[in-house]
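K.L.:
One file is attached below, query_22.pdb, containing PDB, C-alpha atoms.
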ATOM      1  CA  MET U 165     -61.191  -7.460  29.263  1.00  0.00           C
ATOM      2  CA  GLN U 166     -64.530  -9.234  29.530  1.00  0.00           C
ATOM      3  CA  VAL U 167     -65.592 -12.031  27.203  1.00  0.00           C
ATOM      4  CA  LEU U 168     -69.263 -11.620  26.306  1.00  0.00           C
ATOM      5  CA  GLN U 169     -71.090 -14.947  26.353  1.00  0.00           C
ATOM      6  CA  PRO U 170     -74.911 -14.634  26.463  1.00  0.00           C
ATOM      7  CA  PRO U 171     -76.593 -17.161  28.774  1.00  0.00           C
ATOM      8  CA  GLY U 172     -77.676 -20.339  27.032  1.00  0.00           C
ATOM      9  CA  TRP U 173     -75.485 -19.820  23.961  1.00  0.00           C
ATOM     10  CA  ALA U 174     -73.181 -22.636  22.868  1.00  0.00           C
ATOM     11  CA  LYS U 175     -69.576 -21.840  23.698  1.00  0.00           C
ATOM     12  CA  PRO U 176     -67.700 -20.946  20.489  1.00  0.00           C
ATOM     13  CA  ARG U 177     -64.512 -22.822  19.598  1.00  0.00           C
ATOM     14  CA  GLY U 178     -61.468 -20.694  18.880  1.00  0.00           C
ATOM     15  CA  TYR U 179     -63.101 -17.275  19.216  1.00  0.00           C
ATOM     16  CA  ALA U 180     -65.341 -15.188  21.490  1.00  0.00           C
ATOM     17  CA  ASN U 181     -68.820 -13.970  20.577  1.00  0.00           C
ATOM     18  CA  GLY U 182     -67.856 -10.562  21.886  1.00  0.00           C
ATOM     19  CA  VAL U 183     -65.316  -8.736  24.045  1.00  0.00           C
ATOM     20  CA  ALA U 184     -65.648  -5.603  26.177  1.00  0.00           C
ATOM     21  CA  ALA U 185     -62.468  -3.720  27.086  1.00  0.00           C
ATOM     22  CA  SER U 186     -61.262  -0.279  28.058  1.00  0.00           C
ATOM     23  CA  GLY U 187     -57.824   1.288  27.755  1.00  0.00           C
ATOM     24  CA  ARG U 188     -55.395   2.322  25.010  1.00  0.00           C
ATOM     25  CA  THR U 189     -56.515   0.965  21.644  1.00  0.00           C
ATOM     26  CA  VAL U 190     -54.013  -0.376  19.130  1.00  0.00           C
ATOM     27  CA  TYR U 191     -55.017  -1.004  15.507  1.00  0.00           C
ATOM     28  CA  VAL U 192     -52.848  -3.350  13.453  1.00  0.00           C
ATOM     29  CA  SER U 193     -53.178  -3.180   9.677  1.00  0.00           C
ATOM     30  CA  GLY U 194     -53.805  -6.335   7.728  1.00  0.00           C
ATOM     31  CA  MET U 195     -50.716  -8.498   8.052  1.00  0.00           C
ATOM     32  CA  ILE U 196     -49.833 -11.005   5.361  1.00  0.00           C
ATOM     33  CA  GLY U 197     -47.349 -13.861   5.130  1.00  0.00           C
ATOM     34  CA  TRP U 198     -44.236 -11.940   4.248  1.00  0.00           C
ATOM     35  CA  ASP U 199     -41.307 -11.088   6.513  1.00  0.00           C
ATOM     36  CA  ALA U 200     -40.118  -7.699   7.783  1.00  0.00           C
ATOM     37  CA  GLN U 201     -38.372  -7.052   4.446  1.00  0.00           C
ATOM     38  CA  GLY U 202     -41.529  -7.781   2.431  1.00  0.00           C
ATOM     39  CA  GLN U 203     -40.319 -11.193   1.234  1.00  0.00           C
ATOM     40  CA  PHE U 204     -42.469 -14.322   1.060  1.00  0.00           C
ATOM     41  CA  HIS U 205     -40.752 -17.551   2.142  1.00  0.00           C
ATOM     42  CA  THR U 206     -43.671 -19.868   1.395  1.00  0.00           C
ATOM     43  CA  ASP U 207     -46.886 -20.136  -0.566  1.00  0.00           C
ATOM     44  CA  ASP U 208     -48.194 -22.653   1.977  1.00  0.00           C
ATOM     45  CA  PHE U 209     -51.359 -21.345   3.634  1.00  0.00           C
ATOM     46  CA  ALA U 210     -50.436 -22.386   7.190  1.00  0.00           C
ATOM     47  CA  GLY U 211     -46.918 -21.038   6.719  1.00  0.00           C
ATOM     48  CA  GLN U 212     -48.295 -17.672   5.649  1.00  0.00           C
ATOM     49  CA  VAL U 213     -50.649 -17.641   8.649  1.00  0.00           C
ATOM     50  CA  ARG U 214     -47.690 -18.288  10.962  1.00  0.00           C
ATOM     51  CA  GLN U 215     -45.742 -15.396   9.430  1.00  0.00           C
ATOM     52  CA  ALA U 216     -48.753 -13.060   9.552  1.00  0.00           C
ATOM     53  CA  LEU U 217     -49.226 -13.887  13.260  1.00  0.00           C
ATOM     54  CA  GLN U 218     -45.510 -13.259  13.894  1.00  0.00           C
ATOM     55  CA  ASN U 219     -45.885  -9.896  12.170  1.00  0.00           C
ATOM     56  CA  ILE U 220     -48.906  -9.057  14.355  1.00  0.00           C
ATOM     57  CA  VAL U 221     -47.008  -9.920  17.541  1.00  0.00           C
ATOM     58  CA  ALA U 222     -44.095  -7.697  16.407  1.00  0.00           C
ATOM     59  CA  VAL U 223     -46.353  -4.710  15.683  1.00  0.00           C
ATOM     60  CA  LEU U 224     -48.200  -5.164  18.979  1.00  0.00           C
ATOM     61  CA  ALA U 225     -44.864  -5.181  20.817  1.00  0.00           C
ATOM     62  CA  GLU U 226     -44.104  -1.728  19.396  1.00  0.00           C
ATOM     63  CA  ALA U 227     -47.100  -0.443  21.399  1.00  0.00           C
ATOM     64  CA  GLY U 228     -46.153  -2.420  24.498  1.00  0.00           C
ATOM     65  CA  ALA U 229     -49.028  -4.812  23.806  1.00  0.00           C
ATOM     66  CA  LEU U 230     -49.103  -8.580  24.083  1.00  0.00           C
ATOM     67  CA  PRO U 231     -51.230 -11.114  22.199  1.00  0.00           C
ATOM     68  CA  GLU U 232     -53.603 -11.351  25.172  1.00  0.00           C
ATOM     69  CA  HIS U 233     -54.527  -7.695  24.575  1.00  0.00           C
ATOM     70  CA  ILE U 234     -56.120  -8.593  21.220  1.00  0.00           C
ATOM     71  CA  VAL U 235     -59.875  -8.005  21.326  1.00  0.00           C
ATOM     72  CA  ARG U 236     -60.704  -8.568  17.647  1.00  0.00           C
ATOM     73  CA  MET U 237     -59.224 -10.360  14.638  1.00  0.00           C
ATOM     74  CA  ASN U 238     -60.474 -10.197  11.055  1.00  0.00           C
ATOM     75  CA  TRP U 239     -59.173 -12.898   8.716  1.00  0.00           C
ATOM     76  CA  TYR U 240     -59.411 -12.518   4.940  1.00  0.00           C
ATOM     77  CA  VAL U 241     -58.721 -15.739   3.046  1.00  0.00           C
ATOM     78  CA  LEU U 242     -58.608 -16.476  -0.670  1.00  0.00           C
ATOM     79  CA  ASP U 243     -59.896 -20.016  -0.370  1.00  0.00           C
ATOM     80  CA  LYS U 244     -62.257 -21.176   2.372  1.00  0.00           C
ATOM     81  CA  LYS U 245     -61.464 -24.844   1.727  1.00  0.00           C
ATOM     82  CA  GLU U 246     -57.728 -24.194   1.989  1.00  0.00           C
ATOM     83  CA  TYR U 247     -58.324 -22.346   5.279  1.00  0.00           C
ATOM     84  CA  VAL U 248     -60.466 -25.137   6.747  1.00  0.00           C
ATOM     85  CA  ALA U 249     -58.018 -27.845   5.616  1.00  0.00           C
ATOM     86  CA  ALA U 250     -55.201 -25.997   7.404  1.00  0.00           C
ATOM     87  CA  TYR U 251     -57.046 -25.783  10.772  1.00  0.00           C
ATOM     88  CA  PRO U 252     -54.657 -28.203  12.542  1.00  0.00           C
ATOM     89  CA  GLN U 253     -51.509 -26.345  11.431  1.00  0.00           C
ATOM     90  CA  ILE U 254     -53.119 -22.951  12.043  1.00  0.00           C
ATOM     91  CA  GLY U 255     -54.047 -24.093  15.555  1.00  0.00           C
ATOM     92  CA  VAL U 256     -50.440 -25.033  16.324  1.00  0.00           C
ATOM     93  CA  ALA U 257     -49.102 -21.680  15.088  1.00  0.00           C
ATOM     94  CA  TYR U 258     -51.873 -19.751  16.844  1.00  0.00           C
ATOM     95  CA  ARG U 259     -51.248 -21.421  20.218  1.00  0.00           C
ATOM     96  CA  GLU U 260     -47.475 -20.897  19.900  1.00  0.00           C
ATOM     97  CA  LEU U 261     -47.732 -17.216  18.989  1.00  0.00           C
ATOM     98  CA  ILE U 262     -51.038 -15.970  20.435  1.00  0.00           C
ATOM     99  CA  GLY U 263     -51.609 -18.547  23.173  1.00  0.00           C
ATOM    100  CA  LYS U 264     -54.927 -19.761  24.469  1.00  0.00           C
ATOM    101  CA  HIS U 265     -56.483 -16.343  24.023  1.00  0.00           C
ATOM    102  CA  PHE U 266     -59.528 -16.221  21.774  1.00  0.00           C
ATOM    103  CA  PRO U 267     -60.831 -12.738  20.888  1.00  0.00           C
ATOM    104  CA  ALA U 268     -63.857 -11.871  18.784  1.00  0.00           C
ATOM    105  CA  MET U 269     -63.079 -13.079  15.245  1.00  0.00           C
ATOM    106  CA  THR U 270     -64.417 -12.890  11.754  1.00  0.00           C
ATOM    107  CA  ALA U 271     -63.149 -14.901   8.798  1.00  0.00           C
ATOM    108  CA  VAL U 272     -64.301 -14.220   5.258  1.00  0.00           C
ATOM    109  CA  GLN U 273     -63.371 -15.513   1.841  1.00  0.00           C
ATOM    110  CA  VAL U 274     -62.408 -12.727  -0.537  1.00  0.00           C
ATOM    111  CA  ALA U 275     -61.902 -12.582  -4.297  1.00  0.00           C
ATOM    112  CA  GLY U 276     -58.354 -11.339  -3.969  1.00  0.00           C
ATOM    113  CA  LEU U 277     -55.730  -9.608  -1.868  1.00  0.00           C
ATOM    114  CA  ILE U 278     -53.523  -6.745  -3.010  1.00  0.00           C
ATOM    115  CA  GLU U 279     -50.305  -8.805  -2.822  1.00  0.00           C
ATOM    116  CA  ASP U 280     -50.540 -11.548  -5.444  1.00  0.00           C
ATOM    117  CA  ARG U 281     -48.688 -14.203  -3.392  1.00  0.00           C
ATOM    118  CA  ALA U 282     -50.687 -13.548  -0.209  1.00  0.00           C
ATOM    119  CA  ARG U 283     -53.097 -16.354   0.746  1.00  0.00           C
ATOM    120  CA  VAL U 284     -54.368 -14.705   3.952  1.00  0.00           C
ATOM    121  CA  GLU U 285     -54.494 -11.254   5.548  1.00  0.00           C
ATOM    122  CA  ILE U 286     -55.211 -10.720   9.249  1.00  0.00           C
ATOM    123  CA  GLU U 287     -56.020  -7.426  10.937  1.00  0.00           C
ATOM    124  CA  VAL U 288     -56.167  -6.943  14.694  1.00  0.00           C
ATOM    125  CA  THR U 289     -57.510  -4.545  17.284  1.00  0.00           C
ATOM    126  CA  ALA U 290     -55.959  -4.700  20.741  1.00  0.00           C
ATOM    127  CA  VAL U 291     -56.716  -2.829  23.961  1.00  0.00           C
ATOM    128  CA  LEU U 292     -54.073  -2.279  26.612  1.00  0.00           C
ATOM    129  CA  PRO U 293     -55.676  -1.965  30.048  1.00  0.00           C
ATOM    130  CA  ASP U 294     -55.505   1.369  31.876  1.00  0.00           C
TER
END
Mind converting the file's structure to structure tokens?
P.N.:
Amino acid sequence: MQVLQPPGWAKPRGYANGVAASGRTVYVSGMIGWDAQGQFHTDDFAGQVRQALQNIVAVLAEAGALPEHIVRMNWYVLDKKEYVAAYPQIGVAYRELIGKHFPAMTAVQVAGLIEDRARVEIEVTAVLPD
């Protein structure tokens, strides 16, 4: 995997501007903050992020992939201010579950998610090296 950082660009914090990779591609559907049985244990934003990241790691493991194989993450949040306010707690959960690996990322505020209790949904693309 190669992080794409054009010369002279400011280094992004917490994500990469781009990633080039080759190998077996794994696509993880949008994961939300419920457990393996589809039950929510919290309405707290950071708590739902932690659970969504745990779900991502579990799905990746089914393909033999690890968090460091993630090349792209798309975050869909209901409330931008809630997301920004939770940065410190999100950072702790992210480092514990994903590590110090920062793929290309997009985060957007959306009008709603399909599951009413969901505060965040995260989808991932990973590439396992050949």
K.L.:
With distances taken over all atoms listed in the file, which of U:Leu242, U:Val248, U:Met165, U:Val288 is nearest to Val272 (chain U)?
P.N.:
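Closest residue, counting all atoms listed in the file: U:Leu242.
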K.L.:
Name all residues at most 7 Å from region 173-182 of chain U (count all atoms listed in the file; drop same-chain ones fewer than 6 positions away) and give them as a list in words.
P.N.:
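Using all atoms listed in the file, the neighbours found are Val167, Phe266, Pro267, Ala268 and Met269 of chain U.
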K.L.:
May I ask which of the residues U:Gln169, U:Gln218, U:Thr189, U:Gln203 is the closest one to Arg259 (chain U), counting all atoms listed in the file?
P.N.:
U:Gln218
K.L.:
Tell me which residues the PyMOL selection byres ((chain U and resi 254) around 9) grabs here, as a count of residues only.
P.N.:
15
K.L.:
When you draw a straight line from CA of Ala200 (chain U) to CA of Asn219 (chain U), how long is it in Å?
P.N.:
7.6 Å
K.L.:
Using the chain letters and residue numbers of this document, give as a ChimeraX atom specification the residues selected by the PyMOL selection byres ((chain U and resi 287) around 7).
P.N.:
/U:192-195,237-239,285-286,288
K.L.:
Is it possible to dump region 212-240 of chain U as an mmCIF file, in the first residue's frame, including just N, CA, C and O atoms?
P.N.:
data_model
loop_
_atom_site.group_PDB
_atom_site.id
_atom_site.type_symbol
_atom_site.label_atom_id
_atom_site.label_comp_id
_atom_site.auth_asym_id
_atom_site.auth_seq_id
_atom_site.Cartn_x
_atom_site.Cartn_y
_atom_site.Cartn_z
ATOM 1 N N GLN U 212 -21.192 4.439 19.849
ATOM 2 C CA GLN U 212 -21.629 3.813 18.599
ATOM 3 C C GLN U 212 -20.481 3.707 17.604
ATOM 4 O O GLN U 212 -20.383 2.729 16.858
ATOM 5 N N VAL U 213 -19.593 4.711 17.583
ATOM 6 C CA VAL U 213 -18.416 4.623 16.711
ATOM 7 C C VAL U 213 -17.573 3.421 17.115
ATOM 8 O O VAL U 213 -17.139 2.632 16.264
ATOM 9 N N ARG U 214 -17.325 3.271 18.411
ATOM 10 C CA ARG U 214 -16.521 2.138 18.893
ATOM 11 C C ARG U 214 -17.132 0.816 18.424
ATOM 12 O O ARG U 214 -16.433 -0.054 17.910
ATOM 13 N N GLN U 215 -18.435 0.662 18.580
ATOM 14 C CA GLN U 215 -19.085 -0.586 18.178
ATOM 15 C C GLN U 215 -19.005 -0.778 16.667
ATOM 16 O O GLN U 215 -18.750 -1.876 16.187
ATOM 17 N N ALA U 216 -19.224 0.280 15.904
ATOM 18 C CA ALA U 216 -19.131 0.180 14.443
ATOM 19 C C ALA U 216 -17.723 -0.256 14.026
ATOM 20 O O ALA U 216 -17.562 -1.107 13.142
ATOM 21 N N LEU U 217 -16.698 0.302 14.671
ATOM 22 C CA LEU U 217 -15.313 -0.090 14.356
ATOM 23 C C LEU U 217 -15.063 -1.542 14.749
ATOM 24 O O LEU U 217 -14.387 -2.280 14.012
ATOM 25 N N GLN U 218 -15.606 -1.981 15.879
ATOM 26 C CA GLN U 218 -15.483 -3.397 16.263
ATOM 27 C C GLN U 218 -16.132 -4.286 15.212
ATOM 28 O O GLN U 218 -15.584 -5.344 14.852
ATOM 29 N N ASN U 219 -17.288 -3.868 14.720
ATOM 30 C CA ASN U 219 -17.986 -4.638 13.689
ATOM 31 C C ASN U 219 -17.141 -4.720 12.415
ATOM 32 O O ASN U 219 -17.061 -5.779 11.776
ATOM 33 N N ILE U 220 -16.516 -3.611 12.037
ATOM 34 C CA ILE U 220 -15.661 -3.581 10.846
ATOM 35 C C ILE U 220 -14.509 -4.556 11.008
ATOM 36 O O ILE U 220 -14.218 -5.346 10.101
ATOM 37 N N VAL U 221 -13.843 -4.517 12.153
ATOM 38 C CA VAL U 221 -12.710 -5.417 12.400
ATOM 39 C C VAL U 221 -13.163 -6.880 12.305
ATOM 40 O O VAL U 221 -12.462 -7.720 11.726
ATOM 41 N N ALA U 222 -14.347 -7.198 12.825
ATOM 42 C CA ALA U 222 -14.867 -8.566 12.776
ATOM 43 C C ALA U 222 -15.138 -9.011 11.342
ATOM 44 O O ALA U 222 -14.805 -10.138 10.960
ATOM 45 N N VAL U 223 -15.733 -8.140 10.537
ATOM 46 C CA VAL U 223 -16.014 -8.495 9.140
ATOM 47 C C VAL U 223 -14.707 -8.649 8.358
ATOM 48 O O VAL U 223 -14.546 -9.594 7.581
ATOM 49 N N LEU U 224 -13.764 -7.737 8.577
ATOM 50 C CA LEU U 224 -12.469 -7.854 7.916
ATOM 51 C C LEU U 224 -11.803 -9.187 8.247
ATOM 52 O O LEU U 224 -11.227 -9.841 7.365
ATOM 53 N N ALA U 225 -11.882 -9.601 9.496
ATOM 54 C CA ALA U 225 -11.259 -10.854 9.927
ATOM 55 C C ALA U 225 -11.809 -12.051 9.155
ATOM 56 O O ALA U 225 -11.083 -13.009 8.872
ATOM 57 N N GLU U 226 -13.085 -11.994 8.783
ATOM 58 C CA GLU U 226 -13.682 -13.076 8.000
ATOM 59 C C GLU U 226 -12.985 -13.253 6.650
ATOM 60 O O GLU U 226 -13.004 -14.333 6.087
ATOM 61 N N ALA U 227 -12.377 -12.194 6.139
ATOM 62 C CA ALA U 227 -11.657 -12.253 4.860
ATOM 63 C C ALA U 227 -10.161 -12.442 5.080
ATOM 64 O O ALA U 227 -9.389 -12.420 4.128
ATOM 65 N N GLY U 228 -9.749 -12.582 6.337
ATOM 66 C CA GLY U 228 -8.327 -12.688 6.629
ATOM 67 C C GLY U 228 -7.635 -11.340 6.603
ATOM 68 O O GLY U 228 -6.405 -11.266 6.510
ATOM 69 N N ALA U 229 -8.406 -10.269 6.663
ATOM 70 C CA ALA U 229 -7.859 -8.913 6.597
ATOM 71 C C ALA U 229 -7.710 -8.333 7.995
ATOM 72 O O ALA U 229 -8.422 -8.718 8.924
ATOM 73 N N LEU U 230 -6.800 -7.382 8.091
ATOM 74 C CA LEU U 230 -6.544 -6.659 9.330
ATOM 75 C C LEU U 230 -6.866 -5.184 9.116
ATOM 76 O O LEU U 230 -6.963 -4.731 7.967
ATOM 77 N N PRO U 231 -7.005 -4.419 10.184
ATOM 78 C CA PRO U 231 -7.286 -2.990 10.022
ATOM 79 C C PRO U 231 -6.280 -2.261 9.130
ATOM 80 O O PRO U 231 -6.662 -1.349 8.401
ATOM 81 N N GLU U 232 -5.015 -2.675 9.161
ATOM 82 C CA GLU U 232 -4.023 -1.996 8.325
ATOM 83 C C GLU U 232 -4.206 -2.249 6.830
ATOM 84 O O GLU U 232 -3.552 -1.618 6.009
ATOM 85 N N HIS U 233 -5.131 -3.125 6.464
ATOM 86 C CA HIS U 233 -5.450 -3.350 5.052
ATOM 87 C C HIS U 233 -6.519 -2.375 4.539
ATOM 88 O O HIS U 233 -6.815 -2.358 3.349
ATOM 89 N N ILE U 234 -7.103 -1.589 5.438
ATOM 90 C CA ILE U 234 -8.125 -0.622 5.031
ATOM 91 C C ILE U 234 -7.481 0.454 4.165
ATOM 92 O O ILE U 234 -6.472 1.048 4.538
ATOM 93 N N VAL U 235 -8.074 0.697 3.001
ATOM 94 C CA VAL U 235 -7.582 1.755 2.113
ATOM 95 C C VAL U 235 -8.537 2.940 2.052
ATOM 96 O O VAL U 235 -8.149 4.032 1.641
ATOM 97 N N ARG U 236 -9.796 2.732 2.441
ATOM 98 C CA ARG U 236 -10.779 3.816 2.378
ATOM 99 C C ARG U 236 -11.856 3.613 3.426
ATOM 100 O O ARG U 236 -12.312 2.493 3.649
ATOM 101 N N MET U 237 -12.252 4.722 4.067
ATOM 102 C CA MET U 237 -13.373 4.720 5.007
ATOM 103 C C MET U 237 -14.302 5.875 4.642
ATOM 104 O O MET U 237 -13.835 6.983 4.398
ATOM 105 N N ASN U 238 -15.595 5.582 4.624
ATOM 106 C CA ASN U 238 -16.612 6.622 4.444
ATOM 107 C C ASN U 238 -17.463 6.649 5.706
ATOM 108 O O ASN U 238 -18.032 5.630 6.085
ATOM 109 N N TRP U 239 -17.519 7.814 6.340
ATOM 110 C CA TRP U 239 -18.292 8.006 7.562
ATOM 111 C C TRP U 239 -19.519 8.837 7.231
ATOM 112 O O TRP U 239 -19.414 9.899 6.621
ATOM 113 N N TYR U 240 -20.684 8.365 7.677
ATOM 114 C CA TYR U 240 -21.936 9.090 7.522
ATOM 115 C C TYR U 240 -22.437 9.408 8.922
ATOM 116 O O TYR U 240 -22.668 8.493 9.717
#
